[in-house]
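Taking it in order: structure first as structure tokens, then the write-up.
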Amino acid sequence: NAPTMTGGSSAFDVTQAGWADIALNWTFVHGTFPVASIELWKSLNGGAYGLLATVTSTATGYYYALACGNIGGTFDFKTRYQNGATLGPFSNVLRVDVAAV
């Protein structure tokens, strides 16, 4: 089963002045898979994806504090289920554009 990225938004000056935070949401149907982890992957400005965070597979979102300064950027996010060596397929890609201020 793959998670489905369902939404994302950004806001400046929430955690710290001059910085943008990003809120992300997804859904995941466990089916027969046990509760384990969801990996959250990030690409910035079309670069290579890197692992941003790992959360419990019952989580429905992630708050990425201090994602970028006032120069902005284009963020692409994807998730996948992980249980030990078992890796599920990646979700759809969700793009969040953070406009420079």
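Going through the structure tokens in order, the chains are called A, B, and so on, while each chain numbers its residues from 1 and the ligands are numbered from 1 in the order shown.
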Selection: 10 Å around Tyr64 in chain A, only C-alpha atoms, excl. self and same-chain fewer than 4 positions, as number ranges by chain | A: 10, 20-24, 52-53, 68
Residue set, chain A restricted to strand (DSSP E), as a ChimeraX atom specification = /A:4-12,19-27,37-44,50-56,61-69,73-83,86-87,94-98
Keeping only C-alpha atoms, write the selected residues as an mmCIF file, in the first residue's frame.
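What landed in selection11.cif:
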data_model
loop_
_atom_site.group_PDB
_atom_site.id
_atom_site.type_symbol
_atom_site.label_atom_id
_atom_site.label_comp_id
_atom_site.auth_asym_id
_atom_site.auth_seq_id
_atom_site.Cartn_x
_atom_site.Cartn_y
_atom_site.Cartn_z
ATOM 1 C CA THR A 4 -1.495 9.383 -0.571
ATOM 2 C CA MET A 5 -0.225 12.942 -0.129
ATOM 3 C CA THR A 6 -3.358 15.064 0.296
ATOM 4 C CA GLY A 7 -2.245 18.610 1.081
ATOM 5 C CA GLY A 8 0.428 21.050 2.046
ATOM 6 C CA SER A 9 0.772 24.692 2.941
ATOM 7 C CA SER A 10 3.431 27.127 4.047
ATOM 8 C CA ALA A 11 3.483 30.146 6.345
ATOM 9 C CA PHE A 12 6.177 32.631 7.243
ATOM 10 C CA TRP A 19 11.469 31.619 8.105
ATOM 11 C CA ALA A 20 8.733 29.534 6.480
ATOM 12 C CA ASP A 21 7.203 26.417 8.029
ATOM 13 C CA ILE A 22 5.455 23.769 5.906
ATOM 14 C CA ALA A 23 2.486 21.654 7.052
ATOM 15 C CA LEU A 24 1.905 18.379 5.185
ATOM 16 C CA ASN A 25 -0.965 15.878 5.211
ATOM 17 C CA TRP A 26 -1.408 12.350 3.885
ATOM 18 C CA THR A 27 -3.555 9.270 4.260
ATOM 19 C CA SER A 37 6.740 3.838 10.064
ATOM 20 C CA ILE A 38 6.172 6.338 7.290
ATOM 21 C CA GLU A 39 9.246 7.839 5.655
ATOM 22 C CA LEU A 40 8.908 11.422 4.423
ATOM 23 C CA TRP A 41 11.215 12.353 1.549
ATOM 24 C CA LYS A 42 11.985 15.888 0.335
ATOM 25 C CA SER A 43 13.425 17.423 -2.823
ATOM 26 C CA LEU A 44 14.295 21.123 -2.893
ATOM 27 C CA GLY A 50 16.605 12.929 0.770
ATOM 28 C CA LEU A 51 14.945 11.466 3.840
ATOM 29 C CA LEU A 52 13.473 14.323 5.900
ATOM 30 C CA ALA A 53 11.755 12.444 8.734
ATOM 31 C CA THR A 54 10.342 9.111 9.853
ATOM 32 C CA VAL A 55 7.058 9.046 11.796
ATOM 33 C CA THR A 56 4.661 6.368 12.980
ATOM 34 C CA GLY A 61 0.865 14.614 8.631
ATOM 35 C CA TYR A 62 4.098 16.356 9.484
ATOM 36 C CA TYR A 63 5.015 19.910 10.475
ATOM 37 C CA TYR A 64 8.311 20.971 8.901
ATOM 38 C CA ALA A 65 9.447 23.936 10.997
ATOM 39 C CA LEU A 66 12.046 26.332 9.563
ATOM 40 C CA ALA A 67 11.830 24.793 6.087
ATOM 41 C CA CYS A 68 13.434 27.800 4.386
ATOM 42 C CA GLY A 69 14.349 31.418 4.861
ATOM 43 C CA GLY A 73 11.885 27.524 -2.766
ATOM 44 C CA THR A 74 10.024 24.705 -4.479
ATOM 45 C CA PHE A 75 9.590 21.637 -2.301
ATOM 46 C CA ASP A 76 8.490 18.215 -3.534
ATOM 47 C CA PHE A 77 7.473 15.624 -0.937
ATOM 48 C CA LYS A 78 6.678 11.911 -1.116
ATOM 49 C CA THR A 79 6.119 9.222 1.509
ATOM 50 C CA ARG A 80 6.326 5.460 1.817
ATOM 51 C CA TYR A 81 5.574 2.753 4.367
ATOM 52 C CA GLN A 82 8.576 1.163 6.086
ATOM 53 C CA ASN A 83 8.660 -1.811 8.453
ATOM 54 C CA THR A 86 9.928 -4.001 4.098
ATOM 55 C CA LEU A 87 9.479 -0.852 1.995
ATOM 56 C CA LEU A 94 3.117 16.818 -3.458
ATOM 57 C CA ARG A 95 4.628 20.172 -4.430
ATOM 58 C CA VAL A 96 4.663 23.145 -2.070
ATOM 59 C CA ASP A 97 5.936 26.424 -3.534
ATOM 60 C CA VAL A 98 7.201 28.857 -0.914
#
Which is closer to Thr60 in chain A than all the others in A:Ala85, A:Ala17, A:Val29, A:Ala48, using only C-alpha atoms?
->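 Between A:Ala85, A:Ala17, A:Val29, A:Ala48, the residue approaching Thr60 in chain A most closely is A:Val29.
Candidate residues A:Thr15, A:Ser57, A:Asn70, A:Asn1 were compared for distance to Ser91 in chain A, and the nearest is A:Asn1, using only C-alpha atoms.
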Between A:Gly72, A:Tyr49, A:Gln16, A:Gly31, which is the closest to Val93 in chain A once you count only C-alpha atoms?
->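 With only C-alpha atoms as the atom set, the closest residue is A:Tyr49.
Closest approach to Phe33 in chain A among A:Asn45, A:Gly88, A:Gly18, A:Ala59: A:Gly88, based on only C-alpha atoms.
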For CA of Pro89 in chain A and CA of Gly47 in chain A, quote the distance in Å rounded to one decimal.
->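 Result for CA of Pro89 in chain A versus CA of Gly47 in chain A: 20.3 Å, one decimal.
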Which one of A:Phe28, A:Asp13, A:Val35, A:Ala2 sits closest to Gly84 in chain A if you count only C-alpha atoms?
->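 Counting only C-alpha atoms, the residue closest to Gly84 in chain A is A:Val35.
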